[in-house]
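Engineer: My questions will all concern the structure given below.
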Amino acid sequence: MSDWKSLEAKSFYGASARERAIGIVDEGTFTELAGPQNRMSSPHLPVLGEAVEWDDGCVTGVGLIGKHPVFVISQEGRFIGGAVGEVHGAKMVGAFVLARQMYDRIKEEHPDELAERLPAVVISFETGGVRLHEANAGLLAHAEVMDQIQESKGKFPVISLIGSKVGCFGGMGFVAAATDVIVMSDLGRLGLTGPEVIEQEMGKDEFDSADRSLVYRTTGGKHKYIMRDANYLVEDTLGDFHDQLTAIMDAPYDEIVKCRRIGSEELVDEQLALAELSVEMAPKDARDVWAYFGNEDVDQIPEMTTAEFLAVAKRR
Amino acid sequence: MALRELNFTFTPEDPRPFPLGWSHRGVVGSGDMEVMFEQADLGGQVQVKVCTPVVGFDEVWERVLDRCIKESQVSDVSIEINDNNATPVVVAMRMRQAIEEARKEAE
Amino acid sequence: MTTEPKIWNTLERDYRERLEAARPYVMDGKVVEAGDTVKLLEAVVRPGDKVNIEGDNQKQADFLAQCLCEVDTDKVHDLHMVQSVLSIPAHLDIFDKGIAKKVDFSFSGPQAGRLAEYVRDGKIELGAIHTYLELYGRYFVDLTPRVALCVGVSADKNGNIYTGFNTEDTPVIAEAVKFRQGIVIVQVNEIVDEVPRVDIPGDWVDFVIQAPRPFYIEPLFTRDPALITDSQILRAMMVIKGIYGEYGIQRLNHGIGFDTAAIELLLPTYGEELGLKGKICSYFVTNPHPTLIPAIESGWVKSMHCFGGEAGMAEYVQARSDVFFIGPDGSMRSNRDFAQTAGHYALDLFIGGTLQIDKYGNSSTATASRIAGFGGAPNMGCDAKGRRHATPGWMKCGEEYGMHDELVGDLPRGKRLVVQLQETFREKMAPGFVDKLDAVALAENAGLDLPPVMIYSDDLTHVVTEEGIAYLHKCTSMADRMAAIRAVAGFTEVGMAEDPAETASLRERGIFKTPADLGIDVRRANRDLLAAKSVKDLVNWSGGLYNPPAKFRNW
């Protein structure tokens with residue numbers, strides 16, 4: 001494993017789940033929980049003759065950002081596309097449970113320092129959602145994680161990081177949307193139904209999943225940033241994600257939760273208005289939407305570096 | 001067809017005990033594997049357990065692992081591998097990286 | 001006794017008749033409306049004709065191919081297709097519909113499985129599988145098409161054709177057909193008042209049609225650097241140090257694939273570090289591979305002639321006119337015929353990947369159920385026996401040739417380096433070395449006279465695997481060669497028959513070298529060595545001139 005400083009310079013997109021888990025918290029602070037040595041692999045895959053991984057494609061552990069204990073969940077796309085099975089899901093839930101216990105403890109032991117010691121759950125998504133080999137357990141896991149997010153509300157922030165190869169799709173797209181903050185890089189992709197499935201159901205004329213440029217325009221970080229589905233857009237290094245997390249954790253909890261997309265009547269109205277708008281303007285391409293929100297030279301947006309884009313982007 | 005478990009024991013001629021308590025490397029991607037090394041008092045021997053969906057390459061596994069151990073003379077270690085169709089090249093590379101990194105870390 | 005005077009211009013009379021039959025569909029000059037194409041084909045194509053649909057592994061006359069599928073089979077049937085490739089569905093649909101019955105071709109790519117099925121079911125009578133040059137040669141001997149369905153970028157109403165930088169096969173087809181009084185029909189993306197450059201003169205062309213959509217083009221030579229593996233990087237390091245550097249290879253062709261892409265991306269890093277810039281890889285005959293951009297930008301490449309274009313590379317190529325072959329109009333002209341000739345005679349080295357190598361060193365990309373054909377690799381992957389000019393690399397390989405004295409005596413002669421890059425096992429543990437090539441089973445299944453061998457053992461000089469390099473040409477006997485192949489064959493069945501003592505003796509004789517023998521640190525074989533790690537990096541290297549196709553853009 002490379003040392004922490006060289007990890008910070010590494011591409012988030014190309015990093016493994018474990019590298020991300022280590023690199024998004026402060027130097028030398030990460031401790032893995034339920035790691036490979038505990039051998040908590042899927043009990044369902046061996047009978048199907050499918051390869052197993054001791055962490056079941058989900059690295060969990062705890063580290064620090066400043067004084068904040070940060071409970072990390074990091075999904076590995078190279079293992080069955082990061083799909084969520086029973087153990088993988090249980091580990092996600094476990095991280096939330098530990099975070100809540102930590103919250104209660106800090107509240108009791110350091111009531112004056114709660115703000116600067118406030119814990120967080122950070123999820124580095126890389127998944128297509130439910131693992132079909134263990135679908136019932138996988139679906140249940142999604143529901144349980146949703147439940148955990150609700151339980152965390154009013155206590156500590158839940159933050160999504162999206163910038164890995166597989167992106168964040170399927171049921172986990174809903175989960176990400178339900179968290180308090182979403183940080184993406186321009187290589188990150190966020191959606192519900194994956195590109196291949198849309199093509200399969202609606203035809204190539206509706207959505208050509210081999211057209212990666214189209215896929216990125218529709219689900220990529222820049223589009224999600226313009227639409228305010230993503231709150232922050234950062235460069236593709238572990239260090240940039242780490243810095244953004246530090247900045248978020250420095251803010252008061254009441255400020256952080258203003259990033260939410262759903263969870264109040266006002267936000268529901270906002271989302272419904274967007275649905276109406278899409279029917280009204282019937283966009284043919286994400287570029288139509290970018291232009292609608294006041295962006296100029298929309299053909300150039302995909303070509304821009306993150307810094308160039310952030311300097312000119314007009315958001316919803 | 002269930003996953004298969006292969007077990008091997010090797011006896012290096014000039015045993016060099018594994019220097020760390022444990023070490024883990026790799027991701028079980030398609031065509032790849034993860035490997036866990038754990039120190040064990042095996043009297044100079046090496047035990048390897050491979051968990052793999054592949055059928056018909058047991059002898060290849062034995063020869064690839066035998067070469068890795070001859071090359072490094074690593075000993076007194078229990079090695080476990082979760083494999084997902086890794087080729088002999090990948091197996092040899094992951095093993096070599098793990099042993100070299102562990103020795104470097106122990107220095 | 002009186003005899004009828006012999007008629008010496010039946011071809012010309014036939015041509016006039018066909019032209020006359022087409023008259024109702026011709027609008028202005030030589031322009032035919034796209035909607036009349038099927039009728040035009042029914043008027044000018046006769047049963048039993050030899051017909052060429054232009055297409056290669058890159059551009060396709062796809063609109064004309066589609067229209068040929070729609071002709072009335074009472075009017076047009078039993079055609080003998082004589083063409084470079086069978087690669088789009090329409091190429092085989094015409095056999096399914098009974099429009100054509102026989103084929104002579106070169107390469108089938110994506111249609112290889114269906115082709116094998118049709119041959120087995122008797123839907124297709126297979127003439128022969130050729131290399132490109134061989135087939136072009138036969139256009140001028142016994143396989144001259146009567147009608148050619150070609151493709152270009154633009155045309156004027158007089159039939160002058162501009163091909164853009166995808167000139168490829170058009171000149172050789174048009175010349176063969178037109179000078180035997182045949183019919184040349186060209187689909188273009190647009191009819192213009194004046195073409196930017198005349199690639200095919202108007203009087204060689206009978207009809208031009210503006211197709212309803214631009215012709216299809218496959219970005220076949222684009223490899224995403226993000227997908228290059230550590231083992232490919234290791235082989236690339238060995239090639240650069242143990243072959244290019246060792247022989248001072250200046251003139252070469254890179255076959256298609258990730259292995260060669262890895263070499264290209266290591267030139268500005270590892271090659272530079274070895275001090276080889278200017279000493280190797282100055283002259284390429286290759287398609288404009290996007291992965292060559294970093295090497296070109298770093299000043300490695302003096303000249304590059306291309307078989308065809310590559311999607312997204314036009315603007316970049318145009319802006320590097322010192323390197324590429326650029327016309328007076330400012331855009332590149334490719335030419336598959338000339339590039340293949342150059343590849344056969346003027347290069348010191350060919351390198352490419354393959355599917356299977358047998359225990360003797362014969363290699364093939366055929367599998368038992370797919371008739372894939374050859375394309376151009378065998379023209380470059382062989383020793384050109386007619387070559388008479390000397391270069392240092394070619395001479396050195398000839399000096400080392402272990403069978404030289406047996407075959408030539410004491411006269412000096414050079415030898416082309418023919419290098420195969422091979423992974424001992426591919427995905428799903430498919431072995432790269434086999435006792436017997438699948439091509440042999442294919443020949444039996446499909447009733448071919450000859451198993452389709454891409455490169456024969458006697459032409460193969462070097463095999464590179466992650467185990468090391470076998471310098472096969474240094475061997476003095478077949479037994480020697482087989483031992484050297486076992487040495488690089490790793491844990492395949494072929495490799496497991498290796499005798500360690502024999503391998504040790506091959507190492508002493510410099511016939512087999514491991515990465516350590518070559519002084520290569522295996523730990524350095526990782527993606528950090530690549531000059532570009534993603535398609536976006538290639539765009540950045542090109543200063544924004546490379547415009548990758550949508551399927552390669554992850555932004």
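Letters A, B, ... go to the chains of the structure tokens in the order shown; residues in each chain start at 1; ligands are counted from 1 in the same order.
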So that I can see what lies close to segment 167-184 of chain C, please list as a ChimeraX atom specification the residues with an atom at most 9 Å from it, counting only C-alpha atoms and leaving out residues fewer than 6 positions away in the same chain.
Structural biologist: /C:11-12,14-15,18-19,44-45,52,54-56,58-59,84,136,139-140,144-152,199-200,203-208,306-309,332-337
Engineer: Export C-alpha atoms of the chosen residues as an mmCIF file, in the first residue's frame?
Structural biologist:
data_model
loop_
_atom_site.group_PDB
_atom_site.id
_atom_site.type_symbol
_atom_site.label_atom_id
_atom_site.label_comp_id
_atom_site.auth_asym_id
_atom_site.auth_seq_id
_atom_site.Cartn_x
_atom_site.Cartn_y
_atom_site.Cartn_z
ATOM 1 C CA LEU C 11 -16.670 -5.580 -72.294
ATOM 2 C CA GLU C 12 -17.045 -2.075 -73.615
ATOM 3 C CA ASP C 14 -21.643 -4.528 -72.204
ATOM 4 C CA TYR C 15 -20.630 -1.416 -70.287
ATOM 5 C CA ARG C 18 -25.528 -1.094 -68.627
ATOM 6 C CA LEU C 19 -25.027 2.646 -68.757
ATOM 7 C CA VAL C 44 -26.360 -2.103 -63.819
ATOM 8 C CA VAL C 45 -25.677 -5.337 -61.903
ATOM 9 C CA ASN C 52 -17.093 -5.312 -54.933
ATOM 10 C CA GLU C 54 -15.921 -1.224 -50.714
ATOM 11 C CA GLY C 55 -15.126 -1.490 -47.057
ATOM 12 C CA ASP C 56 -12.196 -2.455 -44.928
ATOM 13 C CA GLN C 58 -12.424 1.070 -41.079
ATOM 14 C CA LYS C 59 -14.740 2.810 -43.587
ATOM 15 C CA SER C 84 -11.700 -6.709 -48.684
ATOM 16 C CA TYR C 136 -5.673 -6.297 -54.713
ATOM 17 C CA TYR C 139 -8.219 -7.548 -58.919
ATOM 18 C CA PHE C 140 -5.736 -7.137 -61.767
ATOM 19 C CA THR C 144 -11.622 -8.047 -61.507
ATOM 20 C CA PRO C 145 -15.005 -6.794 -60.246
ATOM 21 C CA ARG C 146 -17.564 -5.871 -62.917
ATOM 22 C CA VAL C 147 -19.210 -3.387 -60.572
ATOM 23 C CA ALA C 148 -17.696 -1.554 -57.635
ATOM 24 C CA LEU C 149 -19.740 0.116 -54.886
ATOM 25 C CA CYS C 150 -17.339 2.626 -53.381
ATOM 26 C CA VAL C 151 -17.408 5.308 -50.713
ATOM 27 C CA GLY C 152 -16.063 8.843 -50.343
ATOM 28 C CA ASP C 199 -8.772 11.534 -55.037
ATOM 29 C CA ILE C 200 -10.574 9.641 -57.796
ATOM 30 C CA ASP C 203 -13.995 9.963 -65.572
ATOM 31 C CA TRP C 204 -13.300 6.822 -63.505
ATOM 32 C CA VAL C 205 -16.675 7.175 -61.827
ATOM 33 C CA ASP C 206 -20.077 6.465 -63.363
ATOM 34 C CA PHE C 207 -22.542 7.427 -60.651
ATOM 35 C CA VAL C 208 -22.448 9.390 -57.408
ATOM 36 C CA CYS C 306 -1.148 5.384 -43.044
ATOM 37 C CA PHE C 307 -3.349 2.562 -44.328
ATOM 38 C CA GLY C 308 -6.418 4.543 -43.380
ATOM 39 C CA GLY C 309 -7.602 7.325 -41.137
ATOM 40 C CA MET C 332 -4.030 13.596 -45.208
ATOM 41 C CA ARG C 333 -4.391 10.956 -47.870
ATOM 42 C CA SER C 334 -4.099 7.347 -46.739
ATOM 43 C CA ASN C 335 -3.668 4.437 -49.133
ATOM 44 C CA ARG C 336 -3.957 0.863 -48.016
ATOM 45 C CA ASP C 337 -2.306 -0.515 -51.167
#
Engineer: Mind listing the strand (DSSP E) residues of segment 439-473 of chain C, per DSSP on the backbone, as a list in words?
Structural biologist: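 Taking segment 439-473 of chain C and keeping strand (DSSP E) only, one gets His462, Val463, Val464, Thr465, Gly468, Ile469, Ala470 and Tyr471 of chain C.
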Engineer: Compile a residue-level contact table for chain B against chain C at a cut-off of 8 Å, reporting for every qualifying residue the shortest atom pair and its distance in Å to one decimal, with only C-alpha atoms counted, rows ordered by chain and ascending number, as JSON lines.
Structural biologist:
{"residue": "B:Gly31", "atom": "CA", "partner": "C:Glu427", "partner_atom": "CA", "distance": 6.6}
{"residue": "B:Val60", "atom": "CA", "partner": "C:Phe491", "partner_atom": "CA", "distance": 6.3}
{"residue": "B:Arg63", "atom": "CA", "partner": "C:Phe491", "partner_atom": "CA", "distance": 7.8}
{"residue": "B:Val64", "atom": "CA", "partner": "C:Phe491", "partner_atom": "CA", "distance": 7.4}
{"residue": "B:Asn85", "atom": "CA", "partner": "C:Lys428", "partner_atom": "CA", "distance": 5.9}
{"residue": "B:Ala86", "atom": "CA", "partner": "C:Met429", "partner_atom": "CA", "distance": 7.8}
{"residue": "B:Thr87", "atom": "CA", "partner": "C:Phe425", "partner_atom": "CA", "distance": 6.0}
{"residue": "B:Pro88", "atom": "CA", "partner": "C:Phe491", "partner_atom": "CA", "distance": 7.0}
{"residue": "B:Val89", "atom": "CA", "partner": "C:Glu466", "partner_atom": "CA", "distance": 7.3}
{"residue": "B:Val90", "atom": "CA", "partner": "C:Ser231", "partner_atom": "CA", "distance": 7.9}
{"residue": "B:Gln97", "atom": "CA", "partner": "C:Arg523", "partner_atom": "CA", "distance": 7.6}
Engineer: Just how far from atom CA of Gly85 of chain A is atom CA of Gly129 of chain A, in Å to one decimal?
Structural biologist: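 That distance, rounded to one decimal, is 9.1 Å.
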Engineer: Excluding Gln422 of chain C and residues on its chain fewer than 4 positions from it, collect all residues at most 7 Å away from it, counting only C-alpha atoms, and give them as JSON, numbers by chain.
Structural biologist: {"C": [353, 354, 432, 464, 465]}
Engineer: Output C-alpha atoms of each residue in that selection to a file, as an mmCIF file, in the first residue's frame.
Structural biologist:
data_model
loop_
_atom_site.group_PDB
_atom_site.id
_atom_site.type_symbol
_atom_site.label_atom_id
_atom_site.label_comp_id
_atom_site.auth_asym_id
_atom_site.auth_seq_id
_atom_site.Cartn_x
_atom_site.Cartn_y
_atom_site.Cartn_z
ATOM 1 C CA GLY C 353 -0.468 -9.734 -30.888
ATOM 2 C CA THR C 354 -2.085 -13.016 -31.780
ATOM 3 C CA GLY C 432 -1.850 -18.497 -25.764
ATOM 4 C CA VAL C 464 7.641 -11.913 -26.235
ATOM 5 C CA THR C 465 5.691 -13.094 -23.197
#
Engineer: Hey, which of A:Ile182, A:Ile198, A:Met249, A:Val166 ends up closest to chain C? Count only C-alpha atoms.
Structural biologist: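 Distance minimum relative to chain C lands on A:Val166.
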Engineer: Counting only C-alpha atoms, which residues from chain B have an atom at most 12 Å from any atom of chain A, and could you show them as an MDAnalysis selection string?
Structural biologist: chainID B and resid 1:5 21:38 50:55 79:86 97:98 100:102 104:105
Engineer: Can you write out the residues you just picked, keeping C-alpha atoms, as a compact mmCIF listing (two decimals), in the first residue's frame?
Structural biologist:
# COMPACT_ATOMS: atom_id res chain seq x y z
CA MET B 1 -21.11 -25.51 -9.37
CA ALA B 2 -19.81 -24.40 -6.05
CA LEU B 3 -16.55 -22.59 -5.34
CA ARG B 4 -13.62 -24.95 -4.95
CA GLU B 5 -10.96 -25.05 -2.27
CA GLY B 21 2.21 -10.66 11.48
CA TRP B 22 -0.08 -10.41 8.51
CA SER B 23 -0.39 -8.71 5.14
CA HIS B 24 -3.25 -8.43 2.67
CA ARG B 25 -3.20 -7.35 -1.00
CA GLY B 26 -5.35 -7.25 -4.07
CA VAL B 27 -8.98 -6.95 -5.10
CA VAL B 28 -11.11 -9.83 -6.37
CA GLY B 29 -11.88 -8.18 -9.69
CA SER B 30 -12.50 -10.23 -12.80
CA GLY B 31 -9.20 -11.91 -13.71
CA ASP B 32 -7.69 -10.88 -10.38
CA MET B 33 -7.35 -12.10 -6.78
CA GLU B 34 -6.69 -11.09 -3.18
CA VAL B 35 -4.11 -12.76 -0.98
CA MET B 36 -3.66 -12.89 2.78
CA PHE B 37 -0.34 -13.79 4.42
CA GLU B 38 -0.41 -14.68 8.12
CA VAL B 50 -6.91 -21.24 -2.75
CA CYS B 51 -10.62 -20.52 -3.15
CA THR B 52 -11.46 -20.46 -6.87
CA PRO B 53 -14.32 -20.91 -9.34
CA VAL B 54 -11.89 -22.33 -11.94
CA VAL B 55 -11.91 -26.05 -12.72
CA ILE B 79 -1.31 -18.01 2.61
CA GLU B 80 -4.95 -17.72 1.56
CA ILE B 81 -6.12 -16.65 -1.87
CA ASN B 82 -9.56 -15.64 -3.11
CA ASP B 83 -9.34 -16.05 -6.87
CA ASN B 84 -11.61 -14.88 -9.67
CA ASN B 85 -10.04 -16.32 -12.82
CA ALA B 86 -6.60 -14.74 -12.32
CA GLN B 97 4.46 -7.78 -4.87
CA ALA B 98 3.04 -8.95 -1.54
CA GLU B 100 8.54 -7.88 -1.53
CA GLU B 101 6.40 -5.17 0.05
CA ALA B 102 6.19 -7.11 3.30
CA LYS B 104 10.44 -3.83 2.66
CA GLU B 105 7.94 -2.83 5.35
Engineer: Enumerate, in order of chain and increasing residue number, the residues of chain A with an atom no farther than 10 Å from chain C, each with its shortest atom pair and distance in Å to one decimal, counting only C-alpha atoms, as JSON lines.
Structural biologist:
{"residue": "A:Gly14", "atom": "CA", "partner": "C:Ala226", "partner_atom": "CA", "distance": 9.0}
{"residue": "A:Lys165", "atom": "CA", "partner": "C:Asn554", "partner_atom": "CA", "distance": 9.9}
{"residue": "A:Asp186", "atom": "CA", "partner": "C:Trp555", "partner_atom": "CA", "distance": 7.0}
{"residue": "A:Leu187", "atom": "CA", "partner": "C:Trp555", "partner_atom": "CA", "distance": 6.5}
{"residue": "A:Gly188", "atom": "CA", "partner": "C:Trp555", "partner_atom": "CA", "distance": 9.3}
{"residue": "A:Arg189", "atom": "CA", "partner": "C:Trp555", "partner_atom": "CA", "distance": 9.9}
{"residue": "A:Asp208", "atom": "CA", "partner": "C:Lys551", "partner_atom": "CA", "distance": 9.5}
{"residue": "A:Ser209", "atom": "CA", "partner": "C:Lys551", "partner_atom": "CA", "distance": 8.6}
{"residue": "A:Ala210", "atom": "CA", "partner": "C:Lys551", "partner_atom": "CA", "distance": 5.4}
{"residue": "A:Asp211", "atom": "CA", "partner": "C:Lys551", "partner_atom": "CA", "distance": 4.4}
{"residue": "A:Arg212", "atom": "CA", "partner": "C:Lys551", "partner_atom": "CA", "distance": 4.8}
{"residue": "A:Ser213", "atom": "CA", "partner": "C:Ala550", "partner_atom": "CA", "distance": 5.0}
{"residue": "A:Leu214", "atom": "CA", "partner": "C:Ala550", "partner_atom": "CA", "distance": 7.4}
{"residue": "A:Val215", "atom": "CA", "partner": "C:Asn554", "partner_atom": "CA", "distance": 8.0}
{"residue": "A:Tyr216", "atom": "CA", "partner": "C:Trp555", "partner_atom": "CA", "distance": 5.4}
{"residue": "A:Arg217", "atom": "CA", "partner": "C:Trp555", "partner_atom": "CA", "distance": 7.3}
{"residue": "A:Gly220", "atom": "CA", "partner": "C:Trp555", "partner_atom": "CA", "distance": 7.3}
{"residue": "A:Gly221", "atom": "CA", "partner": "C:Trp555", "partner_atom": "CA", "distance": 8.9}
{"residue": "A:Lys222", "atom": "CA", "partner": "C:Trp555", "partner_atom": "CA", "distance": 8.8}
{"residue": "A:Ile301", "atom": "CA", "partner": "C:Trp555", "partner_atom": "CA", "distance": 9.4}
{"residue": "A:Pro302", "atom": "CA", "partner": "C:Trp555", "partner_atom": "CA", "distance": 5.7}
{"residue": "A:Glu303", "atom": "CA", "partner": "C:Trp555", "partner_atom": "CA", "distance": 7.4}
{"residue": "A:Met304", "atom": "CA", "partner": "C:Trp555", "partner_atom": "CA", "distance": 9.4}
Engineer: Got time to write the residues from that selection, C-alpha atoms, as a tab-separated table (two decimals), in the first residue's frame?
Structural biologist:
chain	number	residue	atom	x	y	z
A	14	GLY	CA	-8.67	4.87	-10.26
A	165	LYS	CA	-15.34	4.05	-12.24
A	186	ASP	CA	-16.43	15.42	-13.17
A	187	LEU	CA	-15.68	11.72	-13.67
A	188	GLY	CA	-18.33	10.71	-11.16
A	189	ARG	CA	-21.71	9.52	-12.40
A	208	ASP	CA	-27.14	4.80	-26.61
A	209	SER	CA	-25.19	3.45	-23.64
A	210	ALA	CA	-22.06	3.01	-25.79
A	211	ASP	CA	-22.02	6.79	-26.32
A	212	ARG	CA	-19.99	7.58	-23.24
A	213	SER	CA	-20.11	11.27	-23.97
A	214	LEU	CA	-23.93	11.13	-23.78
A	215	VAL	CA	-23.76	9.06	-20.59
A	216	TYR	CA	-21.51	11.68	-18.97
A	217	ARG	CA	-23.63	14.60	-20.14
A	220	GLY	CA	-21.78	13.03	-14.91
A	221	GLY	CA	-20.50	15.37	-12.21
A	222	LYS	CA	-20.79	18.58	-14.23
A	301	ILE	CA	-18.71	22.41	-21.13
A	302	PRO	CA	-17.64	18.75	-21.38
A	303	GLU	CA	-14.21	19.86	-22.64
A	304	MET	CA	-13.53	22.28	-19.77
Engineer: Work out how far atom CA of Ala99 of chain A is from atom CA of His242 of chain A, in Å to one decimal.
Structural biologist: 19.0 Å
Engineer: With only C-alpha atoms as the counted atoms, please give the residues lying no more than 12 Å from Glu151 of chain A, apart from itself and same-chain residues fewer than 6 positions off, as a list in words.
Structural biologist: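 Counting only C-alpha atoms, the residues come to Val93, Phe96, Val97, Ala99, Arg100, Gln101, Tyr103, Glu144, Val145, Pro157, Val158 and Thr179 of chain A.
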Engineer: Among segment 53-157 of chain A, which residues carry a DSSP assignment of alpha helix (DSSP H), reported as a ChimeraX atom specification?
Structural biologist: /A:86-109,114-117,135-152
Engineer: B:Pro17, B:Ala92, B:Phe57, B:Cys68: which is nearest Gly44 of chain B, counting only C-alpha atoms?
Structural biologist: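 Result for the nearest residue to Gly44 of chain B: B:Pro17.
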Engineer: Need to verify the contact set: Ile280 of chain C, 6 Å, only C-alpha atoms, exclusion of same-chain residues closer than 4 positions in sequence. Can you return it as a list in words?
Structural biologist: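 The contact residues come out as Gly248, Ile249 and Gln250 of chain C.
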Engineer: Taking only C-alpha atoms into account, name the residue in C:Ala262, C:Ile351, C:Val51, C:Leu448 that is nearest to Leu234 of chain C.
Structural biologist: C:Ala262
Engineer: May I have the residues within 10 Å of Thr11 of chain B as JSON, numbers by chain, using only C-alpha atoms and disregarding those fewer than 2 positions away in the same chain?
Structural biologist: {"B": [9, 13, 14, 15, 42, 43, 44, 45, 46, 47, 66, 69, 70, 73, 74, 75, 76]}
Engineer: Store the residues picked out above, limited to C-alpha atoms, as a CSV table (one decimal), in the first residue's frame.
Structural biologist:
chain,number,residue,atom,x,y,z
B,9,THR,CA,2.0,-27.4,1.4
B,13,GLU,CA,15.1,-25.2,0.9
B,14,ASP,CA,16.4,-22.1,2.5
B,15,PRO,CA,13.5,-20.9,4.5
B,42,LEU,CA,5.0,-24.3,10.5
B,43,GLY,CA,8.5,-25.5,11.0
B,44,GLY,CA,9.8,-23.9,7.8
B,45,GLN,CA,6.8,-24.9,5.7
B,46,VAL,CA,4.2,-22.9,3.8
B,47,GLN,CA,0.5,-23.7,3.7
B,66,ASP,CA,5.8,-23.6,-6.1
B,69,ILE,CA,7.9,-19.9,-3.1
B,70,LYS,CA,11.2,-21.2,-4.7
B,73,GLN,CA,12.0,-18.9,-0.1
B,74,VAL,CA,9.2,-17.4,2.0
B,75,SER,CA,8.3,-19.7,4.9
B,76,ASP,CA,6.3,-20.1,8.1
Engineer: One number please: atom CA of Ile233 of chain C to atom CA of Lys279 of chain C, in Å, one decimal.
Structural biologist: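 It comes out at 20.9 Å.
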